[in-house]
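Asks: One structure follows; several queries about it will come next.
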Amino acid sequence: GVSRALVLLDGVPVTQAFGGWIYWQALPRLGIDRVEVVPGGTSALFGNTAMGGVIQMFSRPIAKRVEAEAALGNFGLKTASVAAGYRYRNLGAAVEAEGTDFDGYVQVAANQRGVIDQPASSRHGAINARAAWDPSEATRVGAQFRIFEESENGGTPLTTGRPSTQSFGLTFEHAFKSAGALTANAFFGWETFLQNRSRVATDRSSEALANEQKVKDDSQGGSVVFTSRPLDAGGAHTLMIGADVFRVSGTS
């Protein structure tokens with residue numbers, strides 16, 4: 001199940017807190033450096049939200065760069081991405097943005113369509129801003145802020161969806177000379193989700209609003225993990241000790 005897999009970006013969850021789904025479009029591709037997948041239940045290491053496994057994405061190191069790409073496709077698909085970064089001594093900042101406009105296509109067969117049927121279109125935009133400060137070779141402090149907006153249509157005038165999310169995260173990393181390393185994360189998220197569904201007449205000539213859903217939620221959480229240096233006791237071992245806390249509040 002979707003709600004039993006944990007998806008992380010630089011140690012901060014991107015799984016939607018209230019519903020358990022994931023907005024993959026909210027993750028600009030030009031900002032991703034690599035992806036690590038841990039299949040199977042890993043709740044002992046990552047908490048109870050990782051009973052179905054873990055997908056962890058890591059952002060590209062902050063460096064001086066400017067990149068952009070754009071694409072066109074069938075059914076009026078237009079997408080564009082841009083990424084920029086800058087580093088001055090022990091300070092760095094980066095931003096990645098991505099947007100897509102898709103006219104869509106009619107999802108009902110031609111011989112069954114009615115006057116209410118229209119292309120199922122979608123539009124979304126995402127911005128991910130990051131900052132890093134390295135006060136010493138052993139210590140790193142980071143922050144990230146993400147915004148995601150989407151508007152989609154299900155193929156009729158009254159079937160619509162509009163999510164809006166914002167999230168903020170802080171990361172602290174410190175490597176001790178002989179003991180190991182300490183990592184701490186804190187994150188905060190807010191979301192508004194609006195969705196309408198309809199009842200459609202048999203001949204698809206009309207529809208009536210059947211359901212109007214409004215969801216507002218917020219979440220806060222954090223984690224602390226200590227990873228020891230390699231231990232030589234009957235073989236090579238690494239000891240990890242950690243704790244995490246996660247709070248979700250919402251209304252539907």
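Lettering and numbering for the structure tokens are positional, with chains as A, B, ... in the shown order, residues counted from 1 in each chain, and ligands counted from 1 in the shown order.
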Find the spatial neighbours of Asp103 (chain A), counting only C-alpha atoms, within a cut-off of 9 Å - ignore same-chain residues fewer than 3 positions away - and output them as an MDAnalysis selection string.
Replies: chainID A and resid 75:78 119:123
Asks: Store the residues of this selection in a file with N, CA, C and O atoms, as a PDB file, in the first residue's frame.
Replies:
```pdb
ATOM      1  N   PHE A  75      -0.811  15.792 -27.201  1.00  0.00           N
ATOM      2  CA  PHE A  75      -1.962  16.295 -26.439  1.00  0.00           C
ATOM      3  C   PHE A  75      -1.643  17.608 -25.723  1.00  0.00           C
ATOM      4  O   PHE A  75      -2.090  17.846 -24.609  1.00  0.00           O
ATOM      5  N   GLY A  76      -0.827  18.440 -26.359  1.00  0.00           N
ATOM      6  CA  GLY A  76      -0.536  19.759 -25.813  1.00  0.00           C
ATOM      7  C   GLY A  76       0.338  19.749 -24.578  1.00  0.00           C
ATOM      8  O   GLY A  76       0.251  20.660 -23.747  1.00  0.00           O
ATOM      9  N   LEU A  77       1.210  18.764 -24.449  1.00  0.00           N
ATOM     10  CA  LEU A  77       2.096  18.688 -23.293  1.00  0.00           C
ATOM     11  C   LEU A  77       3.245  19.679 -23.435  1.00  0.00           C
ATOM     12  O   LEU A  77       3.957  19.687 -24.436  1.00  0.00           O
ATOM     13  N   LYS A  78       3.421  20.507 -22.421  1.00  0.00           N
ATOM     14  CA  LYS A  78       4.520  21.468 -22.367  1.00  0.00           C
ATOM     15  C   LYS A  78       5.115  21.412 -20.962  1.00  0.00           C
ATOM     16  O   LYS A  78       4.382  21.530 -19.979  1.00  0.00           O
ATOM     17  N   PRO A 119     -11.454  17.144 -22.497  1.00  0.00           N
ATOM     18  CA  PRO A 119     -10.124  16.602 -22.182  1.00  0.00           C
ATOM     19  C   PRO A 119      -9.806  16.701 -20.687  1.00  0.00           C
ATOM     20  O   PRO A 119     -10.118  17.700 -20.036  1.00  0.00           O
ATOM     21  N   ALA A 120      -9.194  15.668 -20.154  1.00  0.00           N
ATOM     22  CA  ALA A 120      -8.764  15.644 -18.755  1.00  0.00           C
ATOM     23  C   ALA A 120      -7.397  16.319 -18.668  1.00  0.00           C
ATOM     24  O   ALA A 120      -6.364  15.707 -18.908  1.00  0.00           O
ATOM     25  N   SER A 121      -7.403  17.582 -18.351  1.00  0.00           N
ATOM     26  CA  SER A 121      -6.184  18.387 -18.367  1.00  0.00           C
ATOM     27  C   SER A 121      -5.569  18.490 -16.977  1.00  0.00           C
ATOM     28  O   SER A 121      -6.214  18.202 -15.961  1.00  0.00           O
ATOM     29  N   SER A 122      -4.312  18.916 -16.931  1.00  0.00           N
ATOM     30  CA  SER A 122      -3.649  19.136 -15.646  1.00  0.00           C
ATOM     31  C   SER A 122      -2.531  20.152 -15.814  1.00  0.00           C
ATOM     32  O   SER A 122      -1.923  20.258 -16.879  1.00  0.00           O
ATOM     33  N   ARG A 123      -2.273  20.878 -14.738  1.00  0.00           N
ATOM     34  CA  ARG A 123      -1.199  21.863 -14.693  1.00  0.00           C
ATOM     35  C   ARG A 123      -0.581  21.832 -13.296  1.00  0.00           C
ATOM     36  O   ARG A 123      -1.312  21.705 -12.306  1.00  0.00           O
TER      37      ARG A 123
END
```
Asks: Taking the DSSP secondary structure from the backbone, can you list the residues of region 19-165 of chain A that are strand (DSSP E or B), as number ranges by chain?
Replies: A: 32-39, 53-59, 65-73, 77-88, 91-102, 122-136, 139-153, 160-165
Asks: What's the 7 Å shell around Arg65 (chain A), counting only C-alpha atoms, without same-chain residues fewer than 3 positions away, as JSON, numbers by chain?
Replies: {"A": [84, 85, 86]}
Asks: Name the closest residue to Glu149 (chain A) among the candidates A:Ile116, A:Ala132, A:Ala110, A:Ala126; distances are taken between atoms, counting only C-alpha atoms.
Replies: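 Counting only C-alpha atoms, the residue closest to Glu149 (chain A) is A:Ala126.
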Asks: Which residues are near Gly189 (chain A)? Cut-off 7 Å, only C-alpha atoms, ignore same chain within fewer than 2 positions. Put them as an NGL selection string.
Replies: :A and (166-168 or 187 or 191 or 218-220)
Asks: Between A:Leu6, A:Leu209, A:Val224, A:Val141, single out the one closest to Ala184 (chain A), counting only C-alpha atoms.
Replies: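 Going through A:Leu6, A:Leu209, A:Val224, A:Val141 one by one, the smallest distance to Ala184 (chain A) is for A:Val224.
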Asks: As a VMD selection string, please: the residues near Ser249 (chain A) (cut-off 10 Å, only C-alpha atoms, same-chain neighbours under 2 positions excluded).
Replies: chain A and resid 17 to 18 190 216 to 220 247 251
Asks: Take the selection from the previous step and output its residues with all heavy atoms, as a compact mmCIF listing (two decimals), in the first residue's frame.
Replies:
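Result file follows (part.txt):
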```txt
# COMPACT_ATOMS: atom_id res chain seq x y z
N ALA A 17 1.19 13.65 4.52
CA ALA A 17 0.96 13.21 5.89
C ALA A 17 -0.47 12.73 6.13
O ALA A 17 -0.69 11.71 6.78
CB ALA A 17 1.31 14.34 6.86
N PHE A 18 -1.45 13.44 5.61
CA PHE A 18 -2.84 13.16 5.96
C PHE A 18 -3.41 11.97 5.18
O PHE A 18 -4.07 11.10 5.73
CB PHE A 18 -3.70 14.41 5.72
CG PHE A 18 -5.10 14.30 6.26
CD1 PHE A 18 -5.32 14.38 7.62
CD2 PHE A 18 -6.17 14.12 5.42
CE1 PHE A 18 -6.61 14.29 8.13
CE2 PHE A 18 -7.47 14.03 5.92
CZ PHE A 18 -7.69 14.11 7.28
N TRP A 190 2.34 21.87 5.42
CA TRP A 190 0.97 22.36 5.37
C TRP A 190 0.37 21.99 4.02
O TRP A 190 1.06 22.01 2.99
CB TRP A 190 0.92 23.89 5.52
CG TRP A 190 1.56 24.40 6.77
CD1 TRP A 190 0.98 24.66 7.96
CD2 TRP A 190 2.97 24.71 6.93
NE1 TRP A 190 1.92 25.11 8.86
CE2 TRP A 190 3.15 25.15 8.26
CE3 TRP A 190 4.08 24.65 6.09
CZ2 TRP A 190 4.38 25.53 8.76
CZ3 TRP A 190 5.32 25.02 6.58
CH2 TRP A 190 5.46 25.46 7.90
N LYS A 216 -7.74 20.24 4.96
CA LYS A 216 -6.66 21.11 5.43
C LYS A 216 -5.92 20.34 6.51
O LYS A 216 -6.54 19.81 7.43
CB LYS A 216 -7.19 22.43 5.97
CG LYS A 216 -7.77 23.35 4.90
CD LYS A 216 -8.20 24.69 5.50
CE LYS A 216 -7.00 25.54 5.91
NZ LYS A 216 -6.24 26.00 4.74
N ASP A 217 -4.60 20.28 6.38
CA ASP A 217 -3.83 19.56 7.39
C ASP A 217 -2.47 20.21 7.59
O ASP A 217 -2.01 21.00 6.75
CB ASP A 217 -3.66 18.09 6.98
CG ASP A 217 -2.83 17.90 5.73
OD1 ASP A 217 -1.59 18.02 5.81
OD2 ASP A 217 -3.42 17.65 4.66
N ASP A 218 -1.87 19.88 8.70
CA ASP A 218 -0.50 20.32 8.99
C ASP A 218 0.21 19.20 9.71
O ASP A 218 -0.42 18.35 10.36
CB ASP A 218 -0.49 21.61 9.80
CG ASP A 218 -1.15 21.43 11.16
OD1 ASP A 218 -0.46 21.06 12.12
OD2 ASP A 218 -2.38 21.66 11.25
N SER A 219 1.53 19.18 9.59
CA SER A 219 2.32 18.12 10.22
C SER A 219 3.65 18.68 10.69
O SER A 219 4.16 19.65 10.13
CB SER A 219 2.56 16.97 9.23
OG SER A 219 3.23 17.44 8.07
N GLN A 220 4.17 18.04 11.74
CA GLN A 220 5.48 18.41 12.28
C GLN A 220 6.17 17.12 12.70
O GLN A 220 5.53 16.16 13.11
CB GLN A 220 5.36 19.35 13.49
CG GLN A 220 4.54 20.60 13.26
CD GLN A 220 3.06 20.37 13.48
OE1 GLN A 220 2.66 19.60 14.35
NE2 GLN A 220 2.23 21.04 12.69
N ARG A 247 3.80 14.17 14.05
CA ARG A 247 2.44 14.56 14.42
C ARG A 247 1.70 15.02 13.17
O ARG A 247 2.24 15.80 12.38
CB ARG A 247 2.45 15.70 15.45
CG ARG A 247 1.08 16.27 15.74
CD ARG A 247 1.18 17.57 16.55
NE ARG A 247 -0.13 18.16 16.76
CZ ARG A 247 -0.73 18.99 15.92
NH1 ARG A 247 -0.11 19.32 14.78
NH2 ARG A 247 -1.92 19.50 16.18
N THR A 251 -8.42 18.04 8.95
CA THR A 251 -9.86 17.90 8.88
C THR A 251 -10.26 17.67 7.44
O THR A 251 -9.64 18.17 6.52
CB THR A 251 -10.58 19.17 9.41
OG1 THR A 251 -10.15 20.29 8.63
CG2 THR A 251 -10.24 19.43 10.86
```
